[in-house]
file coords38.cif (mmCIF, C-alpha atoms and all ligand atoms)
data_protein
#
loop_
_atom_site.label_atom_id
_atom_site.label_comp_id
_atom_site.auth_asym_id
_atom_site.auth_seq_id
_atom_site.Cartn_x
_atom_site.Cartn_y
_atom_site.Cartn_z
CA MET D 6 1.10 0.52 -30.04
CA THR D 7 2.97 -2.79 -30.05
CA THR D 8 0.91 -5.79 -31.13
CA ASN D 9 0.52 -8.47 -28.48
CA PRO D 10 2.46 -11.63 -29.41
CA ILE D 11 -0.46 -13.90 -28.45
CA THR D 12 -2.46 -15.33 -31.35
CA ALA D 13 -5.77 -17.14 -30.87
CA THR D 14 -6.36 -20.41 -32.72
CA VAL D 15 -10.10 -19.72 -32.44
CA ASP D 16 -12.21 -17.22 -34.42
CA PHE D 17 -14.15 -15.07 -31.95
CA ASN D 18 -16.69 -14.16 -34.64
CA ALA D 19 -17.55 -17.66 -35.87
CA ASP D 20 -20.76 -19.40 -34.82
CA GLY D 21 -20.45 -22.81 -33.16
CA VAL D 22 -18.21 -24.20 -30.43
CA GLN D 23 -14.44 -24.00 -30.89
CA HIS D 24 -11.82 -25.41 -28.54
CA GLY D 25 -8.37 -23.97 -29.08
CA PHE D 26 -5.53 -22.01 -27.58
CA LEU D 27 -4.12 -18.60 -26.92
CA LYS D 28 -0.65 -19.22 -28.32
CA LEU D 29 2.07 -17.17 -26.62
CA PRO D 30 5.64 -17.49 -27.94
CA TYR D 31 7.90 -18.59 -25.09
CA SER D 32 11.51 -19.32 -25.97
CA HIS D 33 13.24 -21.27 -23.21
CA ASP D 34 15.85 -23.97 -22.63
CA ALA D 35 13.53 -26.89 -23.38
CA SER D 36 11.92 -25.33 -26.47
CA ALA D 37 13.82 -22.70 -28.43
CA TRP D 38 10.91 -21.67 -30.64
CA GLY D 39 8.20 -22.92 -28.29
CA SER D 40 4.88 -21.44 -27.22
CA LEU D 41 2.70 -21.47 -24.16
CA MET D 42 -0.67 -22.90 -25.21
CA ILE D 43 -3.40 -21.42 -23.00
CA PRO D 44 -6.68 -23.36 -23.44
CA ILE D 45 -9.71 -21.38 -24.59
CA THR D 46 -13.23 -22.23 -25.71
CA VAL D 47 -15.50 -19.92 -27.67
CA ALA D 48 -19.18 -20.74 -28.12
CA LYS D 49 -21.27 -18.41 -30.27
CA ASN D 50 -24.72 -18.35 -31.76
CA GLY D 51 -25.83 -15.16 -33.52
CA GLY D 52 -26.00 -11.82 -31.73
CA GLY D 53 -26.47 -11.17 -28.03
CA ALA D 54 -24.32 -10.56 -25.00
CA THR D 55 -20.76 -11.84 -24.62
CA VAL D 56 -19.84 -13.42 -21.28
CA LEU D 57 -16.13 -13.88 -20.54
CA PHE D 58 -15.47 -16.51 -17.86
CA THR D 59 -11.99 -16.74 -16.38
CA GLY D 60 -10.41 -19.10 -13.85
CA GLY D 61 -6.84 -19.72 -12.80
CA ASN D 62 -5.97 -16.03 -12.56
CA HIS D 63 -4.17 -17.47 -9.54
CA GLY D 64 -2.95 -21.01 -10.14
CA ASP D 65 -3.82 -22.54 -6.75
CA GLU D 66 -7.56 -21.72 -6.84
CA TYR D 67 -9.48 -24.59 -8.36
CA GLU D 68 -13.27 -24.17 -8.33
CA GLY D 69 -13.13 -21.82 -11.32
CA PRO D 70 -10.87 -23.95 -13.53
CA ILE D 71 -12.81 -27.16 -12.76
CA ALA D 72 -16.23 -25.60 -13.33
CA LEU D 73 -15.01 -23.86 -16.51
CA PHE D 74 -13.36 -26.95 -18.06
CA ASP D 75 -16.70 -28.65 -17.34
CA LEU D 76 -18.65 -25.78 -18.95
CA ALA D 77 -16.38 -25.94 -22.03
CA ASN D 78 -17.16 -29.66 -22.36
CA GLN D 79 -20.89 -29.22 -21.94
CA ILE D 80 -21.66 -26.05 -23.86
CA ASP D 81 -23.83 -26.46 -26.96
CA ALA D 82 -24.03 -23.51 -29.36
CA GLU D 83 -27.61 -24.38 -30.25
CA THR D 84 -28.76 -23.72 -26.68
CA ILE D 85 -27.25 -20.24 -26.44
CA SER D 86 -27.81 -16.88 -28.04
CA GLY D 87 -24.78 -14.64 -27.88
CA ARG D 88 -21.21 -15.60 -27.12
CA VAL D 89 -19.39 -17.32 -24.27
CA ILE D 90 -15.60 -17.09 -24.00
CA ILE D 91 -14.08 -19.52 -21.50
CA VAL D 92 -10.47 -19.32 -20.26
CA PRO D 93 -10.17 -21.81 -17.37
CA GLY D 94 -6.48 -21.07 -16.77
CA MET D 95 -5.69 -17.39 -17.28
CA ASN D 96 -2.25 -17.60 -15.70
CA PHE D 97 -1.72 -21.01 -17.27
CA PRO D 98 1.90 -21.54 -16.09
CA ALA D 99 0.71 -20.88 -12.51
CA LEU D 100 -2.20 -23.33 -12.86
CA LEU D 101 0.17 -26.03 -14.17
CA ASN D 102 2.46 -25.31 -11.23
CA GLY D 103 -0.32 -25.21 -8.61
CA SER D 104 0.97 -21.85 -7.42
CA ARG D 105 -0.53 -18.39 -7.02
CA THR D 106 2.08 -16.79 -9.28
CA SER D 107 3.82 -17.88 -12.45
CA PRO D 108 6.85 -20.14 -12.05
CA ILE D 109 8.31 -18.48 -15.17
CA ASP D 110 8.58 -14.90 -13.92
CA ARG D 111 6.89 -14.99 -10.46
CA GLY D 112 4.20 -12.82 -12.02
CA ASN D 113 0.98 -12.37 -10.06
CA LEU D 114 -1.42 -11.92 -12.99
CA ASN D 115 -4.00 -10.15 -10.85
CA ARG D 116 -1.40 -7.51 -9.95
CA SER D 117 -0.08 -7.15 -13.53
CA PHE D 118 -2.77 -5.09 -15.31
CA PRO D 119 -2.85 -3.32 -17.69
CA GLY D 120 0.15 -5.44 -18.68
CA SER D 121 2.61 -4.96 -21.50
CA ALA D 122 3.00 -6.51 -24.96
CA THR D 123 6.78 -6.32 -24.53
CA GLY D 124 6.96 -7.26 -20.86
CA THR D 125 7.27 -10.54 -18.97
CA ILE D 126 5.18 -13.59 -19.88
CA THR D 127 2.63 -12.62 -17.19
CA GLU D 128 2.50 -9.01 -18.42
CA LYS D 129 1.93 -10.23 -21.98
CA ILE D 130 -1.04 -12.32 -20.80
CA ALA D 131 -2.44 -9.30 -18.95
CA ASP D 132 -2.04 -7.09 -22.02
CA TYR D 133 -3.93 -9.63 -24.17
CA PHE D 134 -6.86 -9.62 -21.78
CA GLN D 135 -6.69 -5.83 -21.47
CA ARG D 136 -6.69 -5.04 -25.19
CA THR D 137 -8.23 -8.08 -26.90
CA LEU D 138 -10.55 -10.11 -24.67
CA LEU D 139 -12.03 -7.48 -22.33
CA PRO D 140 -13.20 -5.28 -25.23
CA LEU D 141 -15.18 -8.27 -26.60
CA ALA D 142 -17.07 -8.82 -23.34
CA ASP D 143 -20.27 -7.41 -21.83
CA TYR D 144 -20.03 -9.54 -18.68
CA VAL D 145 -16.79 -10.67 -17.04
CA VAL D 146 -16.85 -13.37 -14.34
CA ASP D 147 -13.42 -13.96 -12.75
CA MET D 148 -13.49 -17.02 -10.50
CA HIS D 149 -11.11 -17.00 -7.55
CA SER D 150 -10.83 -18.91 -4.28
CA GLY D 151 -8.57 -18.43 -1.30
CA GLY D 152 -5.71 -20.48 -2.70
CA LYS D 153 -3.24 -22.30 -0.48
CA THR D 154 -2.97 -19.52 2.11
CA LEU D 155 -6.55 -18.29 2.59
CA GLU D 156 -9.99 -19.77 3.18
CA PHE D 157 -13.25 -17.87 2.70
CA LEU D 158 -16.93 -18.30 3.28
CA PRO D 159 -17.93 -18.96 -0.34
CA PHE D 160 -18.92 -15.62 -1.85
CA CYS D 161 -19.49 -13.73 -5.06
CA CYS D 162 -18.43 -10.09 -4.97
CA ALA D 163 -18.74 -6.75 -6.70
CA HIS D 164 -17.10 -3.42 -5.95
CA VAL D 165 -18.25 0.07 -5.08
CA LEU D 166 -17.82 2.07 -8.32
CA ASP D 167 -17.98 5.76 -9.17
CA ASP D 168 -20.46 4.99 -11.97
CA LYS D 169 -23.56 4.03 -9.97
CA ASP D 170 -25.40 2.62 -13.02
CA GLN D 171 -22.48 0.31 -13.71
CA GLN D 172 -22.30 -0.57 -10.00
CA ALA D 173 -26.00 -1.49 -10.03
CA ARG D 174 -25.46 -3.77 -13.05
CA CYS D 175 -22.52 -5.45 -11.31
CA PHE D 176 -24.57 -5.91 -8.11
CA ALA D 177 -27.44 -7.41 -10.10
CA ALA D 178 -25.01 -9.90 -11.67
CA MET D 179 -23.55 -10.71 -8.22
CA GLN D 180 -27.05 -11.44 -6.92
CA ALA D 181 -27.84 -13.55 -9.99
CA PHE D 182 -24.70 -15.65 -9.38
CA ASN D 183 -26.33 -16.41 -6.01
CA ALA D 184 -23.38 -17.71 -4.02
CA PRO D 185 -24.20 -18.39 -0.35
CA HIS D 186 -22.71 -14.97 0.44
CA SER D 187 -22.71 -11.80 -1.69
CA VAL D 188 -20.02 -9.32 -0.69
CA MET D 189 -19.43 -5.67 -1.45
CA LEU D 190 -15.67 -6.18 -1.49
CA LEU D 191 -13.05 -3.69 -0.43
CA GLU D 192 -9.77 -4.19 -2.32
CA LEU D 193 -6.56 -3.13 -0.59
CA ASP D 194 -4.47 -3.18 -3.79
CA ALA D 195 -6.90 -2.50 -6.66
CA ASP D 196 -4.90 -0.50 -9.22
CA SER D 197 -3.23 -3.35 -11.08
CA MET D 198 -6.07 -5.89 -10.81
CA PHE D 199 -8.04 -7.52 -13.64
CA ASP D 200 -11.16 -6.40 -11.75
CA THR D 201 -10.19 -2.74 -12.09
CA ALA D 202 -9.19 -3.16 -15.75
CA ALA D 203 -12.61 -4.63 -16.57
CA GLU D 204 -14.49 -2.03 -14.52
CA LYS D 205 -12.58 0.83 -16.17
CA GLN D 206 -13.73 -0.49 -19.54
CA GLY D 207 -17.33 -0.25 -18.29
CA LYS D 208 -17.87 -4.01 -18.10
CA ILE D 209 -20.28 -5.77 -15.79
CA PHE D 210 -17.66 -7.42 -13.60
CA ILE D 211 -18.06 -9.88 -10.76
CA ALA D 212 -15.58 -12.14 -9.03
CA THR D 213 -15.81 -15.00 -6.58
CA GLU D 214 -13.90 -16.26 -3.58
CA LEU D 215 -15.05 -19.86 -3.15
CA ALA D 216 -13.44 -21.41 -0.06
CA GLY D 217 -9.71 -22.08 -0.53
CA GLY D 218 -6.85 -23.94 1.08
CA GLY D 219 -5.62 -25.02 -2.34
CA THR D 220 -8.41 -27.57 -2.79
CA THR D 221 -12.16 -27.87 -3.51
CA THR D 222 -15.22 -29.69 -2.18
CA PRO D 223 -18.34 -30.97 -3.97
CA HIS D 224 -20.22 -28.11 -2.26
CA THR D 225 -17.93 -25.33 -3.51
CA ILE D 226 -17.73 -26.80 -7.03
CA GLU D 227 -21.54 -26.83 -7.19
CA ILE D 228 -21.65 -23.18 -6.06
CA ALA D 229 -19.39 -22.37 -9.02
CA LYS D 230 -21.39 -24.42 -11.53
CA LYS D 231 -24.75 -23.02 -10.37
CA GLY D 232 -23.37 -19.47 -10.48
CA ILE D 233 -22.18 -19.98 -14.07
CA ARG D 234 -25.62 -21.29 -15.12
CA ASN D 235 -27.30 -18.35 -13.41
CA ILE D 236 -25.05 -15.74 -15.03
CA LEU D 237 -25.66 -17.20 -18.50
CA LYS D 238 -29.41 -16.87 -17.87
CA HIS D 239 -29.04 -13.40 -16.31
CA ALA D 240 -27.13 -12.23 -19.40
CA GLY D 241 -29.80 -13.68 -21.70
CA VAL D 242 -27.31 -16.10 -23.26
CA MET D 243 -29.27 -19.09 -21.96
CA GLN D 244 -32.98 -19.46 -21.31
CA GLY D 245 -34.61 -20.49 -18.05
CA GLU D 246 -35.30 -19.49 -14.49
CA LEU D 247 -32.44 -18.62 -12.13
CA GLU D 248 -31.73 -21.20 -9.42
CA VAL D 249 -32.07 -19.12 -6.28
CA SER D 250 -31.32 -19.94 -2.64
CA ASP D 251 -30.53 -17.72 0.35
CA SER D 252 -27.54 -15.45 -0.06
CA THR D 253 -26.30 -13.39 2.89
CA LYS D 254 -25.29 -9.85 1.87
CA LEU D 255 -22.09 -8.62 3.47
CA ASP D 256 -20.27 -5.31 3.26
CA MET D 257 -16.63 -4.46 3.84
CA PRO D 258 -16.89 -0.78 4.75
CA ASN D 259 -13.24 -0.04 5.65
CA GLU D 260 -9.82 -1.45 6.50
CA GLN D 261 -11.01 -2.40 10.00
CA CYS D 262 -12.32 -5.54 8.27
CA PHE D 263 -8.78 -6.92 8.00
CA VAL D 264 -6.67 -8.18 10.89
CA PHE D 265 -2.98 -8.67 10.03
CA SER D 266 -0.39 -10.60 11.99
CA GLU D 267 2.42 -8.63 13.57
CA SER D 268 4.24 -11.78 14.65
CA SER D 269 5.32 -15.11 13.18
CA GLY D 270 4.65 -18.57 14.52
CA LEU D 271 1.81 -21.03 14.93
CA LEU D 272 -1.74 -19.74 14.42
CA GLU D 273 -4.43 -20.94 16.82
CA PRO D 274 -7.76 -19.94 15.25
CA CYS D 275 -10.25 -18.85 17.92
CA VAL D 276 -13.38 -18.46 15.75
CA SER D 277 -14.69 -20.41 12.77
CA LEU D 278 -15.76 -19.05 9.39
CA GLY D 279 -19.36 -17.87 9.52
CA GLU D 280 -19.31 -17.06 13.27
CA ARG D 281 -20.54 -13.67 14.46
CA VAL D 282 -17.85 -11.62 16.20
CA LYS D 283 -17.94 -8.36 18.11
CA THR D 284 -15.26 -5.68 18.29
CA GLY D 285 -12.58 -6.86 20.72
CA ASP D 286 -13.38 -10.58 20.38
CA LEU D 287 -10.33 -12.81 20.21
CA ILE D 288 -10.06 -14.25 16.68
CA GLY D 289 -6.63 -15.87 16.82
CA ARG D 290 -3.47 -16.37 18.86
CA VAL D 291 0.04 -16.72 17.47
CA PHE D 292 2.55 -18.80 19.43
CA ASP D 293 6.26 -18.20 19.08
CA VAL D 294 7.50 -21.48 17.62
CA GLU D 295 11.09 -21.01 18.73
CA ARG D 296 10.79 -21.07 22.52
CA THR D 297 8.51 -22.16 25.37
CA GLY D 298 7.34 -19.95 28.20
CA ARG D 299 6.23 -17.03 26.06
CA ALA D 300 2.60 -15.87 25.97
CA PRO D 301 0.97 -15.99 22.52
CA THR D 302 0.22 -12.75 20.67
CA GLU D 303 -3.53 -12.17 20.60
CA TYR D 304 -5.43 -10.80 17.61
CA ARG D 305 -8.87 -9.26 18.06
CA ALA D 306 -11.74 -8.16 15.84
CA LYS D 307 -11.73 -4.42 15.09
CA ILE D 308 -15.33 -4.37 13.86
CA ASP D 309 -18.62 -6.22 14.55
CA GLY D 310 -19.48 -8.70 11.82
CA VAL D 311 -19.16 -12.19 10.40
CA PHE D 312 -15.83 -14.04 10.29
CA THR D 313 -15.54 -14.27 6.48
CA GLY D 314 -11.95 -15.25 5.70
CA ARG D 315 -8.92 -16.65 7.49
CA HIS D 316 -5.28 -17.54 7.10
CA PHE D 317 -5.27 -21.22 6.14
CA PRO D 318 -1.89 -22.85 6.93
CA GLY D 319 -0.93 -23.62 10.51
CA ARG D 320 2.18 -21.45 10.25
CA ILE D 321 1.72 -17.71 9.97
CA ALA D 322 4.26 -14.98 9.20
CA MET D 323 4.50 -11.30 10.03
CA GLY D 324 2.18 -9.36 7.72
CA ASP D 325 -0.13 -12.28 6.85
CA ILE D 326 -3.87 -11.86 7.20
CA VAL D 327 -5.15 -13.48 10.41
CA GLY D 328 -8.80 -12.96 9.55
CA VAL D 329 -11.30 -10.97 7.50
CA ILE D 330 -14.55 -9.72 9.03
CA ALA D 331 -17.44 -8.50 6.91
CA VAL D 332 -20.56 -6.68 8.08
CA PRO D 333 -24.08 -7.97 7.36
CA MET D 334 -26.08 -5.49 5.26
ZN ZN D 401 -7.22 -15.38 -6.57
#
call {"tool": "encode", "arguments": {"input": "coords38.cif", "output": "structure tokens", "more": "lines below"}}
Ligand code: ZN
result
Amino acid sequence: MTTNPITATVDFNADGVQHGFLKLPYSHDASAWGSLMIPITVAKNGGGATVLFTGGNHGDEYEGPIALFDLANQIDAETISGRVIIVPGMNFPALLNGSRTSPIDRGNLNRSFPGSATGTITEKIADYFQRTLLPLADYVVDMHSGGKTLEFLPFCCAHVLDDKDQQARCFAAMQAFNAPHSVMLLELDADSMFDTAAEKQGKIFIATELAGGGTTTPHTIEIAKKGIRNILKHAGVMQGELEVSDSTKLDMPNEQCFVFSESSGLLEPCVSLGERVKTGDLIGRVFDVERTGRAPTEYRAKIDGVFTGRHFPGRIAMGDIVGVIAVPM
């Protein structure tokens, strides 16, 4: 099998804290023999579990990168047992560009797994995680938010898995993260996701969706930082009691949870995140922006639950998500 062109400037087996790069050759107009330098920190002290933290899988989702750059600054090898691998900007070109996908190849990293060592830049990054970093990990925490086009109630999520023991370990990690909401997430497009790659390798995998809109708040950053501290304790890498507050458990049992727009125009939201809705309740109206005198298209809940996610920008296009409704467990 072809060797991945990425080389790490850190030694994953050395004790101590190392700050370095995943160096990916990238020959382009401004740098003929240049490389992409993806920041990475490895902290290790003896044996124990390995926790892989990733942010910036999508480049317009910021709680993860901010909390993980902060963790990389703060981490002290003497206070851990085991290993922590921190990649705050997985799709680093996308993070630099403030966009969901890579400006180099338009690659959506979280739809590029298992990747390819001979593929596009984004596929090469995916392949490195698939074949080098995931095998090192026991726990994988992939920190997302809604990005520029979605906004969520802040939640940590795990997936329904065929292996019920693995599912139980993932759910325990989700509860330990202790975001304000804990969601059994239904993925509509799971095959090529990092989540699925990690789960197929038997890892304890959790992800987050912490607000969105292409920005952060002190509240959502603190949810990320507290969750990171809790996971390190849950994995036995750090000592201490978990910091626990209320977390509402939500399920997404089927595709009725998602309401998609079948028109384009201006979105009038009719419920706020966190509100209870019943089947048939109006959740949004879309006005035709090109003429007056036309009634807006109405979008209604298809399931009873909690309004958990929404389209963020004022303009909406055909096929965009209007809203996401999850069901209290
Ligand atoms: Zn994302």
call {"tool": "residues_near_ligand", "arguments": {"input": "coords38.cif", "ligand": "ligand ZN 401 (chain D)", "cutoff": "6 Å", "atoms": "all atoms listed in the file", "output": "PyMOL selection string"}}
result
chain D and resi 63+149-150
call {"tool": "residues_around", "arguments": {"input": "coords38.cif", "residues": "D:Met148", "least_positions_apart": "3", "cutoff": "6 Å", "atoms": "all atoms listed in the file", "output": "list in words"}}
result
Gly60, Gly69, Ala212 and Thr213 of chain D
call {"tool": "write_last_selection", "arguments": {"input": "coords38.cif", "atoms": "C-alpha atoms", "output": "mmCIF file, in the coordinates of the input"}}
result
data_model
loop_
_atom_site.group_PDB
_atom_site.id
_atom_site.type_symbol
_atom_site.label_atom_id
_atom_site.label_comp_id
_atom_site.auth_asym_id
_atom_site.auth_seq_id
_atom_site.Cartn_x
_atom_site.Cartn_y
_atom_site.Cartn_z
ATOM 1 C CA GLY D 60 -10.410 -19.100 -13.850
ATOM 2 C CA GLY D 69 -13.130 -21.820 -11.320
ATOM 3 C CA ALA D 212 -15.580 -12.140 -9.030
ATOM 4 C CA THR D 213 -15.810 -15.000 -6.580
#
call {"tool": "atom_distance", "arguments": {"input": "coords38.cif", "atom1": "atom CA of D:Ala35", "atom2": "atom CA of D:Arg116"}}
result
27.9 Å
call {"tool": "residues_around", "arguments": {"input": "coords38.cif", "residues": "D:Phe134", "least_positions_apart": "4", "cutoff": "10 Å", "atoms": "only C-alpha atoms", "output": "list in words"}}
result
Met95, Phe118, Pro119, Gly120, Glu128, Lys129, Ile130, Leu138, Leu139, Pro140, Leu141, Phe199, Ala202 and Ala203 of chain D
call {"tool": "residues_around", "arguments": {"input": "coords38.cif", "residues": "D:Lys208", "least_positions_apart": "5", "cutoff": "7 Å", "atoms": "all atoms listed in the file", "output": "PyMOL selection string"}}
result
chain D and resi 143-145+203
call {"tool": "decode", "arguments": {"input": "coords38.cif", "residues": "stretch 235-245 of chain D", "atoms": "all heavy atoms", "output": "short mmCIF file (atom, residue, chain, number, x, y, z; two decimals), in the first residue's frame"}}
result
data_model
loop_
_atom_site.label_atom_id
_atom_site.label_comp_id
_atom_site.auth_asym_id
_atom_site.auth_seq_id
_atom_site.Cartn_x
_atom_site.Cartn_y
_atom_site.Cartn_z
N ASN D 235 -13.30 16.82 31.14
CA ASN D 235 -14.06 15.65 31.58
C ASN D 235 -13.63 14.39 30.85
O ASN D 235 -13.52 13.31 31.46
CB ASN D 235 -15.56 15.89 31.38
CG ASN D 235 -16.20 16.66 32.53
OD1 ASN D 235 -15.59 16.83 33.59
ND2 ASN D 235 -17.42 17.11 32.32
N ILE D 236 -13.40 14.49 29.53
CA ILE D 236 -13.00 13.29 28.77
C ILE D 236 -11.62 12.81 29.24
O ILE D 236 -11.38 11.60 29.34
CB ILE D 236 -13.01 13.60 27.26
CG1 ILE D 236 -14.45 13.67 26.75
CG2 ILE D 236 -12.21 12.57 26.47
CD1 ILE D 236 -15.23 12.36 26.85
N LEU D 237 -10.72 13.73 29.50
CA LEU D 237 -9.38 13.32 29.97
C LEU D 237 -9.49 12.57 31.30
O LEU D 237 -8.78 11.58 31.53
CB LEU D 237 -8.46 14.54 30.09
CG LEU D 237 -8.02 15.11 28.73
CD1 LEU D 237 -7.29 16.44 28.94
CD2 LEU D 237 -7.13 14.12 27.98
N LYS D 238 -10.41 13.00 32.16
CA LYS D 238 -10.62 12.29 33.43
C LYS D 238 -11.33 10.95 33.18
O LYS D 238 -10.94 9.93 33.76
CB LYS D 238 -11.44 13.16 34.39
CG LYS D 238 -10.69 14.40 34.87
CD LYS D 238 -11.64 15.34 35.61
CE LYS D 238 -10.99 16.68 35.89
NZ LYS D 238 -11.98 17.68 36.34
N HIS D 239 -12.33 10.97 32.33
CA HIS D 239 -13.09 9.75 32.02
C HIS D 239 -12.16 8.68 31.45
O HIS D 239 -12.31 7.48 31.76
CB HIS D 239 -14.19 10.09 31.01
CG HIS D 239 -15.01 8.94 30.56
ND1 HIS D 239 -15.97 8.33 31.37
CD2 HIS D 239 -15.03 8.25 29.39
CE1 HIS D 239 -16.53 7.34 30.70
NE2 HIS D 239 -15.98 7.26 29.51
N ALA D 240 -11.18 9.08 30.65
CA ALA D 240 -10.25 8.13 30.03
C ALA D 240 -9.13 7.71 30.97
O ALA D 240 -8.31 6.87 30.62
CB ALA D 240 -9.66 8.75 28.76
N GLY D 241 -9.08 8.34 32.16
CA GLY D 241 -8.03 8.02 33.13
C GLY D 241 -6.71 8.68 32.82
O GLY D 241 -5.69 8.38 33.46
N VAL D 242 -6.71 9.62 31.88
CA VAL D 242 -5.46 10.32 31.51
C VAL D 242 -5.17 11.43 32.52
O VAL D 242 -4.02 11.75 32.80
CB VAL D 242 -5.57 10.88 30.07
CG1 VAL D 242 -4.41 11.79 29.73
CG2 VAL D 242 -5.65 9.72 29.07
N MET D 243 -6.24 12.03 33.07
CA MET D 243 -6.07 12.99 34.16
C MET D 243 -6.85 12.51 35.37
O MET D 243 -7.80 11.74 35.24
CB MET D 243 -6.54 14.39 33.74
CG MET D 243 -5.59 15.03 32.74
SD MET D 243 -6.07 16.71 32.29
CE MET D 243 -5.46 17.60 33.70
N GLN D 244 -6.44 12.98 36.55
CA GLN D 244 -7.11 12.62 37.78
C GLN D 244 -8.15 13.67 38.13
O GLN D 244 -8.03 14.82 37.71
CB GLN D 244 -6.09 12.53 38.92
CG GLN D 244 -5.01 11.48 38.71
CD GLN D 244 -5.62 10.08 38.62
OE1 GLN D 244 -6.40 9.69 39.48
NE2 GLN D 244 -5.27 9.35 37.57
N GLY D 245 -9.13 13.27 38.93
CA GLY D 245 -10.10 14.24 39.45
C GLY D 245 -11.52 13.86 39.12
O GLY D 245 -11.79 12.98 38.32
#
